[in-house]
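> Structure supplied as target20.cif; contents: mmCIF, C-alpha atoms.
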data_data
loop_
_atom_site.label_atom_id
_atom_site.label_comp_id
_atom_site.auth_asym_id
_atom_site.auth_seq_id
_atom_site.Cartn_x
_atom_site.Cartn_y
_atom_site.Cartn_z
CA MET A 191 20.82 0.93 -15.83
CA LEU A 192 20.24 -1.53 -18.62
CA SER A 193 21.99 -0.88 -21.92
CA SER A 194 20.10 0.47 -24.92
CA ASN A 195 20.88 -2.83 -26.67
CA LEU A 196 19.04 -4.78 -23.98
CA ARG A 197 16.09 -2.41 -24.17
CA GLN A 198 16.00 -2.98 -27.94
CA LEU A 199 16.11 -6.75 -27.41
CA HIS A 200 13.04 -6.51 -25.23
CA ARG A 201 11.17 -5.07 -28.24
CA LEU A 202 12.18 -7.71 -30.76
CA GLY A 203 9.29 -9.72 -32.12
CA ARG A 204 6.76 -7.80 -30.06
CA GLY A 205 6.47 -4.42 -31.72
CA ALA A 206 6.84 -1.07 -30.04
CA ILE A 207 6.19 -0.68 -26.32
CA ASN A 208 2.97 1.19 -25.61
CA MET A 209 4.32 4.31 -23.95
CA PHE A 210 2.42 6.70 -21.69
CA SER A 211 3.00 9.88 -19.73
CA THR A 212 3.89 10.07 -16.05
CA ASP A 213 3.59 13.87 -15.98
CA ALA A 214 2.00 14.89 -12.67
CA LYS A 215 -0.09 17.52 -14.46
CA GLN A 216 -2.45 14.81 -15.75
CA PHE A 217 -3.54 14.03 -12.17
CA PRO A 218 -5.85 16.15 -9.98
CA GLU A 219 -4.18 19.35 -8.83
CA ALA A 220 -5.08 18.67 -5.18
CA LYS A 221 -3.20 15.34 -5.31
CA ARG A 222 -0.04 16.43 -7.08
CA ARG A 223 1.75 17.27 -3.84
CA PHE A 224 1.76 13.54 -3.05
CA ILE A 225 3.47 12.58 -6.34
CA PRO A 226 7.29 12.58 -6.05
CA SER A 227 9.35 14.37 -8.69
CA GLN A 228 12.49 12.44 -7.76
CA GLY A 229 13.51 9.54 -5.55
CA THR A 230 16.32 7.54 -3.99
CA TYR A 231 15.92 3.88 -4.84
CA PRO A 232 17.37 0.62 -3.51
CA HIS A 233 20.39 -0.71 -5.35
CA GLY A 234 19.87 -3.68 -7.61
CA PHE A 235 16.17 -3.13 -8.33
CA PHE A 236 14.78 -2.30 -11.77
CA ALA A 237 11.27 -1.13 -12.61
CA GLY A 238 9.04 -0.59 -15.62
CA GLY A 239 5.46 -0.10 -16.75
CA SER A 240 3.48 -0.24 -19.98
CA HIS A 241 0.07 -0.55 -21.62
CA CYS A 242 -0.30 -4.14 -22.83
CA GLY A 243 -3.98 -3.97 -23.80
CA ILE A 244 -5.95 -5.04 -20.73
CA LYS A 245 -7.58 -1.63 -20.32
CA LYS A 246 -9.71 -0.57 -23.26
CA ASN A 247 -8.99 3.12 -22.62
CA GLY A 248 -5.30 2.72 -23.47
CA LYS A 249 -4.06 3.52 -19.98
CA ALA A 250 -1.09 1.77 -18.36
CA ASP A 251 -1.96 -1.70 -17.08
CA LEU A 252 1.24 -3.73 -16.63
CA ALA A 253 4.17 -3.22 -14.23
CA LEU A 254 7.33 -5.18 -13.54
CA LEU A 255 9.81 -5.01 -10.65
CA VAL A 256 13.05 -7.02 -10.95
CA SER A 257 16.00 -7.62 -8.63
CA ASP A 258 19.42 -8.24 -10.15
CA ARG A 259 20.07 -10.94 -7.55
CA PRO A 260 18.11 -13.45 -5.42
CA THR A 261 16.02 -11.99 -2.61
CA THR A 262 14.49 -12.80 0.73
CA THR A 263 10.75 -12.15 0.42
CA SER A 264 7.88 -12.00 2.88
CA ALA A 265 4.22 -11.14 2.30
CA VAL A 266 0.83 -10.89 3.95
CA PHE A 267 -2.40 -11.63 2.14
CA THR A 268 -6.13 -11.08 2.30
CA THR A 269 -8.15 -13.30 4.64
CA ASN A 270 -11.15 -13.07 2.30
CA GLN A 271 -12.19 -16.71 1.72
CA PHE A 272 -12.67 -15.98 -2.00
CA CYS A 273 -8.97 -15.15 -2.25
CA ALA A 274 -7.89 -14.61 -5.83
CA ALA A 275 -5.67 -16.87 -7.90
CA PRO A 276 -2.63 -14.56 -7.63
CA VAL A 277 -2.86 -14.73 -3.82
CA GLN A 278 -2.91 -18.53 -3.90
CA TYR A 279 -0.01 -18.64 -6.35
CA ASP A 280 2.13 -16.18 -4.39
CA ARG A 281 1.52 -18.04 -1.14
CA SER A 282 2.84 -21.21 -2.74
CA VAL A 283 5.94 -19.46 -4.12
CA ILE A 284 6.86 -17.75 -0.84
CA ASN A 285 6.08 -20.75 1.34
CA GLY A 286 8.08 -22.98 -0.98
CA ALA A 287 11.10 -20.70 -0.74
CA ARG A 288 10.72 -20.43 3.03
CA ASP A 289 10.43 -24.21 3.51
CA ALA A 290 13.45 -24.85 1.29
CA GLN A 291 15.38 -22.02 2.98
CA GLU A 292 16.18 -20.62 -0.46
CA GLN A 293 16.12 -17.17 -2.04
CA ARG A 294 13.89 -17.74 -5.04
CA VAL A 295 11.93 -14.56 -5.78
CA ARG A 296 13.49 -12.25 -8.36
CA ALA A 297 10.53 -10.31 -9.77
CA VAL A 298 6.96 -9.14 -9.32
CA VAL A 299 4.55 -8.88 -12.27
CA ILE A 300 1.53 -6.64 -11.64
CA ASN A 301 -1.47 -6.07 -13.90
CA SER A 302 -4.39 -3.67 -13.43
CA GLY A 303 -7.81 -3.83 -15.05
CA CYS A 304 -8.57 -7.49 -14.32
CA ALA A 305 -8.39 -9.09 -10.86
CA ASN A 306 -8.21 -12.78 -11.88
CA ALA A 307 -10.46 -13.45 -8.87
CA VAL A 308 -13.21 -16.07 -8.61
CA THR A 309 -11.91 -17.62 -11.84
CA GLY A 310 -11.50 -21.23 -10.67
CA GLN A 311 -8.77 -23.60 -11.79
CA GLN A 312 -8.28 -21.67 -15.03
CA GLY A 313 -7.46 -18.59 -12.99
CA LEU A 314 -4.78 -20.51 -11.08
CA ALA A 315 -3.30 -21.74 -14.35
CA ASP A 316 -3.29 -18.17 -15.68
CA ALA A 317 -1.55 -16.88 -12.54
CA GLN A 318 1.10 -19.57 -12.91
CA GLU A 319 1.67 -18.69 -16.58
CA MET A 320 1.93 -15.02 -15.64
CA GLY A 321 4.56 -15.99 -13.06
CA GLU A 322 6.42 -18.07 -15.62
CA ALA A 323 6.52 -15.06 -17.96
CA GLY A 324 8.16 -13.09 -15.16
CA ALA A 325 10.67 -15.87 -14.54
CA ALA A 326 11.48 -15.99 -18.27
CA PHE A 327 12.13 -12.24 -18.21
CA VAL A 328 14.57 -12.75 -15.32
CA ARG A 329 16.49 -15.36 -17.30
CA MET A 330 16.75 -13.01 -20.29
CA PHE A 331 17.68 -10.15 -17.95
CA ASP A 332 20.55 -12.19 -16.46
CA LYS A 333 21.76 -13.49 -19.82
CA GLU A 334 22.01 -10.05 -21.38
CA ARG A 335 23.91 -8.77 -18.35
CA GLY A 336 26.29 -11.71 -18.51
CA VAL A 337 25.42 -12.70 -14.95
CA GLU A 338 25.50 -16.30 -13.76
CA HIS A 339 22.40 -16.82 -11.61
CA GLU A 340 20.02 -19.73 -11.40
CA GLY A 341 17.15 -17.56 -12.59
CA GLY A 342 14.34 -17.24 -10.10
CA GLU A 343 10.61 -17.05 -9.60
CA ALA A 344 8.19 -14.14 -9.98
CA LEU A 345 5.29 -13.16 -7.78
CA VAL A 346 2.12 -11.98 -9.52
CA MET A 347 -0.45 -9.40 -8.46
CA SER A 348 -3.71 -8.52 -10.22
CA THR A 349 -6.27 -5.82 -9.56
CA GLY A 350 -9.47 -4.78 -11.29
CA VAL A 351 -12.84 -6.31 -12.08
CA ILE A 352 -13.65 -9.62 -10.33
CA GLY A 353 -14.84 -12.70 -12.23
CA GLN A 354 -13.11 -12.14 -15.57
CA ARG A 355 -10.23 -14.09 -17.10
CA LEU A 356 -6.92 -12.41 -17.75
CA PRO A 357 -6.11 -11.63 -21.40
CA LEU A 358 -3.05 -13.78 -20.89
CA SER A 359 -1.34 -13.41 -24.26
CA LYS A 360 -1.38 -9.63 -23.90
CA ILE A 361 0.22 -9.91 -20.47
CA THR A 362 2.93 -12.40 -21.43
CA ASP A 363 3.80 -10.41 -24.57
CA GLY A 364 3.87 -7.26 -22.48
CA VAL A 365 6.22 -8.80 -19.92
CA THR A 366 8.59 -10.02 -22.63
CA ALA A 367 8.68 -6.57 -24.22
CA MET A 368 8.96 -4.61 -20.96
CA GLN A 369 11.67 -1.97 -20.58
CA VAL A 370 13.12 -1.72 -17.08
CA ASP A 371 15.78 0.43 -15.50
CA GLU A 372 16.72 2.04 -12.18
CA THR A 373 15.53 5.60 -12.82
CA HIS A 374 12.82 7.56 -11.05
CA GLU A 375 10.90 7.69 -14.33
CA ALA A 376 10.91 3.88 -14.53
CA TRP A 377 9.57 3.59 -10.97
CA MET A 378 6.89 6.17 -11.81
CA ARG A 379 5.84 4.17 -14.84
CA ALA A 380 5.43 1.10 -12.67
CA ALA A 381 3.40 3.08 -10.14
CA VAL A 382 1.06 4.52 -12.79
CA ALA A 383 0.52 1.02 -14.20
CA HIS A 384 -0.87 -0.13 -10.82
CA MET A 385 -3.79 2.33 -10.93
CA THR A 386 -7.47 1.43 -11.30
CA THR A 387 -9.85 3.91 -9.65
CA ASP A 388 -6.83 5.61 -8.06
CA THR A 389 -6.56 9.28 -8.92
CA PHE A 390 -2.78 9.48 -8.50
CA PRO A 391 0.19 7.04 -8.50
CA LYS A 392 1.44 6.01 -5.06
CA LEU A 393 5.22 5.82 -4.94
CA LEU A 394 7.53 6.47 -1.99
CA SER A 395 11.30 6.12 -1.50
CA ARG A 396 13.86 7.06 1.13
CA GLN A 397 17.28 6.39 2.56
CA VAL A 398 17.63 5.45 6.23
CA ASP A 399 20.62 4.58 8.40
CA ILE A 400 20.79 1.15 10.02
CA ALA A 401 23.67 0.71 12.48
CA GLY A 402 25.26 3.81 10.96
CA GLN A 403 25.10 2.53 7.40
CA PRO A 404 22.66 3.62 4.66
CA ILE A 405 19.98 1.38 3.19
CA HIS A 406 17.19 2.31 0.80
CA LEU A 407 13.47 1.61 0.73
CA ALA A 408 11.08 2.04 -2.19
CA GLY A 409 7.41 1.16 -2.27
CA ILE A 410 4.53 1.18 -4.71
CA THR A 411 0.95 0.66 -3.65
CA LYS A 412 -2.49 1.06 -5.13
CA GLY A 413 -5.97 1.31 -3.77
CA SER A 414 -8.76 3.77 -3.13
CA GLY A 415 -11.73 1.50 -2.44
CA MET A 416 -12.39 -1.98 -1.00
CA ILE A 417 -9.95 -1.00 1.73
CA HIS A 418 -10.35 -2.55 5.17
CA PRO A 419 -7.74 -4.26 7.34
CA ASN A 420 -7.32 -7.90 8.10
CA MET A 421 -3.80 -9.15 7.35
CA SER A 422 -3.47 -6.70 4.45
CA THR A 423 -5.59 -4.27 2.55
CA LEU A 424 -4.58 -3.81 -1.10
CA LEU A 425 -1.69 -4.33 -3.50
CA GLY A 426 1.77 -3.14 -2.63
CA THR A 427 5.45 -3.98 -2.85
CA VAL A 428 8.27 -2.61 -0.72
CA CYS A 429 11.81 -3.17 -1.97
CA THR A 430 14.96 -2.74 0.12
CA ASP A 431 18.65 -3.28 -0.51
CA ALA A 432 19.20 -4.43 3.09
CA SER A 433 20.08 -8.05 3.74
CA VAL A 434 17.46 -9.48 6.10
CA PRO A 435 17.20 -13.13 7.21
CA GLN A 436 13.83 -14.73 6.45
CA SER A 437 12.72 -15.09 10.08
CA LEU A 438 13.51 -11.46 10.88
CA LEU A 439 11.88 -10.18 7.68
CA ASP A 440 8.70 -12.12 8.50
CA LYS A 441 8.71 -10.69 12.03
CA ALA A 442 9.42 -7.13 10.89
CA LEU A 443 6.65 -7.22 8.28
CA ALA A 444 4.10 -8.57 10.78
CA HIS A 445 4.91 -5.70 13.15
CA ALA A 446 4.92 -3.07 10.41
CA VAL A 447 1.73 -4.15 8.64
CA ALA A 448 -0.25 -4.10 11.91
CA ARG A 449 0.65 -0.42 12.24
CA SER A 450 0.33 0.60 8.60
CA PHE A 451 -1.60 -1.30 5.94
CA ASN A 452 -3.64 -3.03 8.62
CA ALA A 453 -4.39 0.34 10.17
CA ILE A 454 -6.27 1.95 7.29
CA SER A 455 -9.92 1.78 6.33
CA ILE A 456 -11.91 3.55 3.65
CA ASP A 457 -15.16 1.66 3.20
CA GLY A 458 -15.09 -1.51 5.33
CA ASP A 459 -14.78 -3.82 2.30
CA MET A 460 -11.89 -6.31 2.08
CA SER A 461 -10.68 -7.19 -1.40
CA THR A 462 -10.16 -10.71 -2.74
CA ASN A 463 -6.68 -9.79 -3.97
CA ASP A 464 -4.99 -7.96 -1.07
CA THR A 465 -1.24 -8.52 -1.00
CA ILE A 466 1.67 -6.65 0.56
CA ALA A 467 5.17 -7.99 -0.13
CA VAL A 468 8.57 -6.90 1.18
CA ILE A 469 11.56 -7.91 -0.94
CA ALA A 470 15.14 -7.61 0.37
CA ASN A 471 18.06 -8.21 -2.00
CA GLY A 472 21.05 -7.29 0.20
CA ALA A 473 22.70 -5.12 -2.48
CA SER A 474 23.68 -2.45 0.08
CA GLY A 475 25.82 -4.93 1.99
CA VAL A 476 24.09 -3.94 5.24
CA VAL A 477 23.04 -7.01 7.23
CA VAL A 478 20.04 -6.68 9.54
CA ASP A 479 20.55 -8.72 12.68
CA GLY A 480 20.91 -8.18 16.42
CA ALA A 481 20.40 -4.54 17.43
CA ALA A 482 20.00 -3.54 13.80
CA TYR A 483 16.73 -5.48 13.67
CA GLU A 484 14.94 -3.00 15.94
CA GLN A 485 16.17 -0.08 13.84
CA PHE A 486 15.10 -1.78 10.62
CA THR A 487 11.66 -2.64 12.00
CA THR A 488 11.09 0.94 13.12
CA ALA A 489 12.20 2.31 9.75
CA LEU A 490 10.06 -0.20 7.85
CA THR A 491 7.02 0.56 10.00
CA GLU A 492 7.32 4.31 9.53
CA PHE A 493 7.87 3.89 5.80
CA MET A 494 4.89 1.58 5.37
CA ALA A 495 2.65 3.85 7.46
CA ASP A 496 3.52 6.75 5.16
CA LEU A 497 2.92 4.61 2.08
CA ALA A 498 -0.41 3.33 3.41
CA SER A 499 -1.50 6.88 4.17
CA LEU A 500 -1.37 7.65 0.45
CA VAL A 501 -4.16 5.11 -0.07
CA VAL A 502 -6.39 6.87 2.45
CA ARG A 503 -5.62 10.25 0.85
CA ASP A 504 -6.95 8.77 -2.38
CA GLY A 505 -10.04 7.17 -0.82
CA GLU A 506 -12.81 7.11 -3.38
CA GLY A 507 -14.58 10.44 -3.11
CA ALA A 508 -12.61 11.42 0.01
CA THR A 509 -12.18 15.06 1.04
CA LYS A 510 -10.63 14.52 4.51
CA PHE A 511 -7.64 12.59 5.85
CA LEU A 512 -8.33 11.44 9.41
CA THR A 513 -5.92 9.99 11.93
CA ILE A 514 -7.70 8.20 14.76
CA GLU A 515 -5.37 8.00 17.76
CA VAL A 516 -6.31 5.98 20.84
CA THR A 517 -4.03 6.19 23.88
CA GLY A 518 -4.06 4.92 27.46
CA ALA A 519 -5.28 1.40 26.60
CA ARG A 520 -4.46 -1.75 28.52
CA THR A 521 -3.12 -3.49 25.39
CA PHE A 522 -2.22 -2.60 21.80
CA ALA A 523 -5.08 -4.84 20.66
CA ASP A 524 -7.58 -2.88 22.77
CA ALA A 525 -6.33 0.44 21.43
CA LYS A 526 -6.46 -0.87 17.86
CA GLN A 527 -10.01 -2.17 18.36
CA VAL A 528 -11.31 1.17 19.58
CA ALA A 529 -9.49 3.09 16.84
CA SER A 530 -10.80 0.71 14.18
CA THR A 531 -14.37 1.02 15.42
CA ILE A 532 -14.23 4.80 15.16
CA ALA A 533 -12.52 4.68 11.75
CA THR A 534 -15.16 2.39 10.24
CA SER A 535 -18.24 4.17 11.58
CA SER A 536 -20.25 5.51 8.65
CA LEU A 537 -21.86 8.04 10.99
CA VAL A 538 -18.47 9.36 12.09
CA LYS A 539 -17.19 9.51 8.51
CA THR A 540 -20.24 11.33 7.17
CA ALA A 541 -20.08 13.81 10.06
CA PHE A 542 -16.55 14.77 9.03
CA TYR A 543 -17.67 15.10 5.41
CA GLY A 544 -20.40 17.46 6.59
CA GLN A 545 -17.89 19.34 8.78
CA ASP A 546 -20.02 18.58 11.83
CA ALA A 547 -18.26 18.32 15.23
CA ASN A 548 -20.58 15.50 16.26
CA TRP A 549 -18.65 14.25 19.29
CA GLY A 550 -21.56 11.98 20.24
CA ARG A 551 -21.00 9.74 17.21
CA ILE A 552 -17.32 9.29 18.11
CA LEU A 553 -18.05 8.59 21.77
CA CYS A 554 -20.78 6.14 20.75
CA ALA A 555 -18.28 4.19 18.64
CA VAL A 556 -15.83 4.09 21.56
CA GLY A 557 -18.59 2.66 23.73
CA TYR A 558 -19.60 -0.20 21.41
CA ALA A 559 -16.05 -1.15 20.39
CA GLY A 560 -16.12 -4.17 22.70
CA VAL A 561 -13.35 -2.96 25.01
CA ALA A 562 -14.04 -2.64 28.75
CA LEU A 563 -13.90 1.05 29.77
CA ASP A 564 -14.03 3.30 32.77
CA THR A 565 -16.18 5.92 31.05
CA HIS A 566 -15.29 8.54 33.67
CA LYS A 567 -11.67 8.49 32.44
CA VAL A 568 -12.32 9.05 28.73
CA ASN A 569 -11.09 12.28 27.12
CA MET A 570 -11.49 13.29 23.48
CA ALA A 571 -10.19 16.12 21.30
CA ILE A 572 -9.81 17.01 17.61
CA TYR A 573 -6.40 18.30 16.50
CA PRO A 574 -6.17 20.34 13.27
CA GLY A 575 -3.63 19.57 10.59
CA ASP A 576 -2.09 23.03 10.83
CA ASN A 577 -0.85 22.25 14.40
CA SER A 578 -2.91 25.02 15.96
CA ASP A 579 -4.75 24.50 19.25
CA PRO A 580 -7.02 21.44 19.48
CA LEU A 581 -10.72 21.47 20.21
CA VAL A 582 -11.34 19.52 23.41
CA LEU A 583 -14.81 17.96 23.27
CA VAL A 584 -14.97 15.42 26.12
CA LYS A 585 -13.18 15.37 29.47
CA GLY A 586 -13.67 12.74 32.16
CA GLY A 587 -16.40 11.14 30.09
CA GLU A 588 -18.49 14.30 29.92
CA PRO A 589 -18.90 16.81 27.07
CA LEU A 590 -17.50 20.30 27.41
CA LEU A 591 -20.55 22.39 26.55
CA PRO A 592 -21.31 24.52 24.76
CA VAL A 593 -19.12 23.37 21.85
CA ASP A 594 -17.12 26.22 20.35
CA GLU A 595 -18.80 25.96 16.94
CA ALA A 596 -16.68 28.72 15.40
CA ARG A 597 -13.46 26.90 16.32
CA ALA A 598 -14.97 23.58 15.22
CA SER A 599 -15.76 25.07 11.83
CA GLU A 600 -12.18 26.34 11.43
CA ILE A 601 -10.75 22.90 12.15
CA LEU A 602 -13.22 20.84 10.15
CA LYS A 603 -12.65 22.87 7.00
CA GLN A 604 -9.08 21.56 6.90
CA GLU A 605 -8.15 18.46 4.91
CA ASP A 606 -6.06 16.84 7.67
CA MET A 607 -7.11 16.32 11.29
CA ARG A 608 -6.50 13.95 14.16
CA VAL A 609 -9.06 12.56 16.59
CA ARG A 610 -7.40 11.69 19.92
CA VAL A 611 -9.23 9.50 22.43
CA GLU A 612 -7.59 8.93 25.83
CA LEU A 613 -8.91 5.87 27.69
CA GLY A 614 -6.92 6.37 30.90
CA LEU A 615 -6.47 2.63 31.51
CA GLY A 616 -2.85 1.86 30.61
CA SER A 617 0.11 2.84 28.44
CA GLU A 618 -0.62 1.22 25.06
CA GLU A 619 -1.73 3.17 21.99
CA ALA A 620 -2.66 2.63 18.35
CA ARG A 621 -3.59 4.61 15.26
CA MET A 622 -5.95 4.08 12.37
CA TYR A 623 -5.98 6.14 9.20
CA THR A 624 -9.26 6.77 7.40
CA CYS A 625 -11.19 9.33 5.37
CA ASP A 626 -14.64 10.82 5.21
CA LEU A 627 -17.57 9.31 3.29
CA SER A 628 -18.97 11.49 0.54
CA HIS A 629 -21.59 11.50 -2.22
CA ASP A 630 -18.83 10.80 -4.74
CA TYR A 631 -18.02 7.43 -3.15
CA VAL A 632 -21.46 6.17 -4.13
CA SER A 633 -21.17 7.58 -7.65
CA ILE A 634 -17.75 6.04 -8.27
CA ASN A 635 -18.76 2.57 -7.12
CA ALA A 636 -22.17 2.63 -8.80
CA ASP A 637 -20.42 3.15 -12.15
CA TYR A 638 -17.34 0.90 -11.59
CA ARG A 639 -17.95 -1.65 -14.38
CA SER A 640 -19.31 0.80 -16.94
#
Reformat the file's structure so that it appears as structure tokens.

Amino acid sequence: MLSSNLRQLHRLGRGAINMFSTDAKQFPEAKRRFIPSQGTYPHGFFAGGSHCGIKKNGKADLALLVSDRPTTTSAVFTTNQFCAAPVQYDRSVINGARDAQEQRVRAVVINSGCANAVTGQQGLADAQEMGEAGAAFVRMFDKERGVEHEGGEALVMSTGVIGQRLPLSKITDGVTAMQVDETHEAWMRAAVAHMTTDTFPKLLSRQVDIAGQPIHLAGITKGSGMIHPNMSTLLGTVCTDASVPQSLLDKALAHAVARSFNAISIDGDMSTNDTIAVIANGASGVVVDGAAYEQFTTALTEFMADLASLVVRDGEGATKFLTIEVTGARTFADAKQVASTIATSSLVKTAFYGQDANWGRILCAVGYAGVALDTHKVNMAIYPGDNSDPLVLVKGGEPLLPVDEARASEILKQEDMRVRVELGLGSEEARMYTCDLSHDYVSINADYRS
């Protein structure tokens, strides 16, 4: 943890830090069970959050994550052609480090309330200056700790309203004045500062064993709308104290994101700012190579799937959490395509909101997914979140009639449920995570800029 003297230094010349509460009681009661009260965090990472003045309502809007040593960093970005300035800047930083075979990234600066998207050359200049503020913080951080490093670069992430310039002086002053430490409270402050239309902060941490030795993972993400997969789906950072070579980290992230952040959909809209980064600083001393790579990839994938699920649980206006599971496909890509088609069907999503066991809408989506089928082999069932008996709706391509409406009503009243579609064509499977589509989604997005 940083000394109180260093925290005081961060305040000098900038005035008091704008503090805010992380008390879970301020968030909706139904969401509090997803907010951690404690955590186990990767060694060598420091976090912080504050209100620097971007948001007019006084809520937290600036977060900072810092490693006490150089890191190996990998990321995936939106494929939206109007990609935001922070995406372009981060690509250049990570690609530069990769090409030079150097560990350059030391920090991530995140602001909420303004996306710095579709802002032209000025937006790129602002993203660069935001990154330079993060790099300056790293130099001060190292100096006050008496550590001899060559400094490092900072990634930047922005989320909020598109088409507006960043209030840059507020951000750079806020970065300079930021308090960071290793505590759960500090990580919570960073998570709260990511929020825009989110109704709760999304923070996850855990310890896992790799080759019999412990490493730690911690992740923060944000998002509740404009969520649809294609390379990535929102803002998020995963930190680990494992030591992972660049090529293996790139490979592990590609595998994990295809099964986590690229496997969620809320509304079919892809943001201009989507970024997911994984940062490994090696502070645990555990080196990921050889057989350990498979273990690390599995652990990272499971962790990122759990983190991504928090976004779906906070889908704008959502009342249901739906897992779409497709099995028996010829390839993973086929299974993913069918699952994605079901997950993005507005008719399917509204049926679940209305608690209607409309198996025809699901089967219709399977049929137009663009994957060759033997329709006589298709089975479908809905599994309730309480692990009681499923409701089998289709077997051998034909509906099981009459539908047990009483049992359907019992299942569809629950918040969590799983739709399982068996194609009967092979051994590959995939999952998508989605939510229902409610009246509130329209209300939230109709009023977004007001």
> Have a look at A:Ala265, A:Thr387, A:Arg608, A:Gly229 and name the one nearest to A:Leu443; count only C-alpha atoms.
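Smallest separation from A:Leu443 among the options: A:Ala265.
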> Smallest atom-to-atom distance to A:Met378: which of A:Ser282, A:Ser227, A:Thr268, A:Asn577, using all atoms listed in the file?
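Smallest separation from A:Met378 among the options: A:Ser227.
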> Smallest atom-to-atom distance to A:Pro574: which of A:Val593, A:Ile469, A:Ile601, A:Leu627, using only C-alpha atoms?
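Closest candidate: A:Ile601.
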> Which residues fall under the PyMOL selection byres ((chain A and resi 299-305) around 9) in this file, as a PDB file with C-alpha atoms, in the coordinates of the input?

ATOM      1  CA  ILE A 244      -5.950  -5.040 -20.730  1.00  0.00           C
ATOM      2  CA  LYS A 245      -7.580  -1.630 -20.320  1.00  0.00           C
ATOM      3  CA  ALA A 250      -1.090   1.770 -18.360  1.00  0.00           C
ATOM      4  CA  ASP A 251      -1.960  -1.700 -17.080  1.00  0.00           C
ATOM      5  CA  LEU A 252       1.240  -3.730 -16.630  1.00  0.00           C
ATOM      6  CA  ALA A 253       4.170  -3.220 -14.230  1.00  0.00           C
ATOM      7  CA  LEU A 254       7.330  -5.180 -13.540  1.00  0.00           C
ATOM      8  CA  LEU A 255       9.810  -5.010 -10.650  1.00  0.00           C
ATOM      9  CA  VAL A 256      13.050  -7.020 -10.950  1.00  0.00           C
ATOM     10  CA  ALA A 274      -7.890 -14.610  -5.830  1.00  0.00           C
ATOM     11  CA  ALA A 275      -5.670 -16.870  -7.900  1.00  0.00           C
ATOM     12  CA  PRO A 276      -2.630 -14.560  -7.630  1.00  0.00           C
ATOM     13  CA  ALA A 297      10.530 -10.310  -9.770  1.00  0.00           C
ATOM     14  CA  VAL A 298       6.960  -9.140  -9.320  1.00  0.00           C
ATOM     15  CA  ASN A 306      -8.210 -12.780 -11.880  1.00  0.00           C
ATOM     16  CA  ALA A 307     -10.460 -13.450  -8.870  1.00  0.00           C
ATOM     17  CA  VAL A 308     -13.210 -16.070  -8.610  1.00  0.00           C
ATOM     18  CA  MET A 320       1.930 -15.020 -15.640  1.00  0.00           C
ATOM     19  CA  GLY A 321       4.560 -15.990 -13.060  1.00  0.00           C
ATOM     20  CA  ALA A 323       6.520 -15.060 -17.960  1.00  0.00           C
ATOM     21  CA  GLY A 324       8.160 -13.090 -15.160  1.00  0.00           C
ATOM     22  CA  ALA A 344       8.190 -14.140  -9.980  1.00  0.00           C
ATOM     23  CA  LEU A 345       5.290 -13.160  -7.780  1.00  0.00           C
ATOM     24  CA  VAL A 346       2.120 -11.980  -9.520  1.00  0.00           C
ATOM     25  CA  MET A 347      -0.450  -9.400  -8.460  1.00  0.00           C
ATOM     26  CA  SER A 348      -3.710  -8.520 -10.220  1.00  0.00           C
ATOM     27  CA  THR A 349      -6.270  -5.820  -9.560  1.00  0.00           C
ATOM     28  CA  GLY A 350      -9.470  -4.780 -11.290  1.00  0.00           C
ATOM     29  CA  VAL A 351     -12.840  -6.310 -12.080  1.00  0.00           C
ATOM     30  CA  ILE A 352     -13.650  -9.620 -10.330  1.00  0.00           C
ATOM     31  CA  GLY A 353     -14.840 -12.700 -12.230  1.00  0.00           C
ATOM     32  CA  GLN A 354     -13.110 -12.140 -15.570  1.00  0.00           C
ATOM     33  CA  ARG A 355     -10.230 -14.090 -17.100  1.00  0.00           C
ATOM     34  CA  LEU A 356      -6.920 -12.410 -17.750  1.00  0.00           C
ATOM     35  CA  PRO A 357      -6.110 -11.630 -21.400  1.00  0.00           C
ATOM     36  CA  ILE A 361       0.220  -9.910 -20.470  1.00  0.00           C
ATOM     37  CA  VAL A 365       6.220  -8.800 -19.920  1.00  0.00           C
ATOM     38  CA  ALA A 380       5.430   1.100 -12.670  1.00  0.00           C
ATOM     39  CA  ALA A 383       0.520   1.020 -14.200  1.00  0.00           C
ATOM     40  CA  HIS A 384      -0.870  -0.130 -10.820  1.00  0.00           C
ATOM     41  CA  MET A 385      -3.790   2.330 -10.930  1.00  0.00           C
ATOM     42  CA  THR A 386      -7.470   1.430 -11.300  1.00  0.00           C
ATOM     43  CA  THR A 462     -10.160 -10.710  -2.740  1.00  0.00           C
ATOM     44  CA  ASN A 463      -6.680  -9.790  -3.970  1.00  0.00           C
TER      45      ASN A 463
END
> For atom CA of A:Val277 and atom CA of A:Ala432, determine how far apart the two atoms are, in Å to one decimal place.
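Value for the atom CA of A:Val277-atom CA of A:Ala432 distance: 25.3 Å.
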> Tell me, in Å to one decimal, how far atom CA of A:Asp316 is from atom CA of A:Gln278.
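One can read the atom CA of A:Asp316 to atom CA of A:Gln278 distance as 11.8 Å.
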> How big is the axis-aligned box, and where does its centre sit, when it encloses all atoms of stretch 577-586 of chain A listed in the file and has 6 Å added on every side, reported in Å to one decimal as JSON?

{"center_x": -7.9, "center_y": 18.9, "center_z": 23.3, "size_x": 26.1, "size_y": 24.3, "size_z": 29.8}
> What does the PyMOL selection byres ((chain A and resi 580-590) around 9) select in this file, as a PyMOL selection string?
chain A and resi 547+549-550+553+564-574+577-579+591-594+597-598+601
> Interatomic distance between atom CA of A:Met368 and atom CA of A:Ser240?
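These atoms are spaced 7.1 Å apart.
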> At a cut-off of 9 Å, using all atoms listed in the file, what residues contact A:Ser617? Leave out same-chain residues fewer than 2 positions from it and give the result as number ranges by chain.
A: 517-522, 614-615, 619
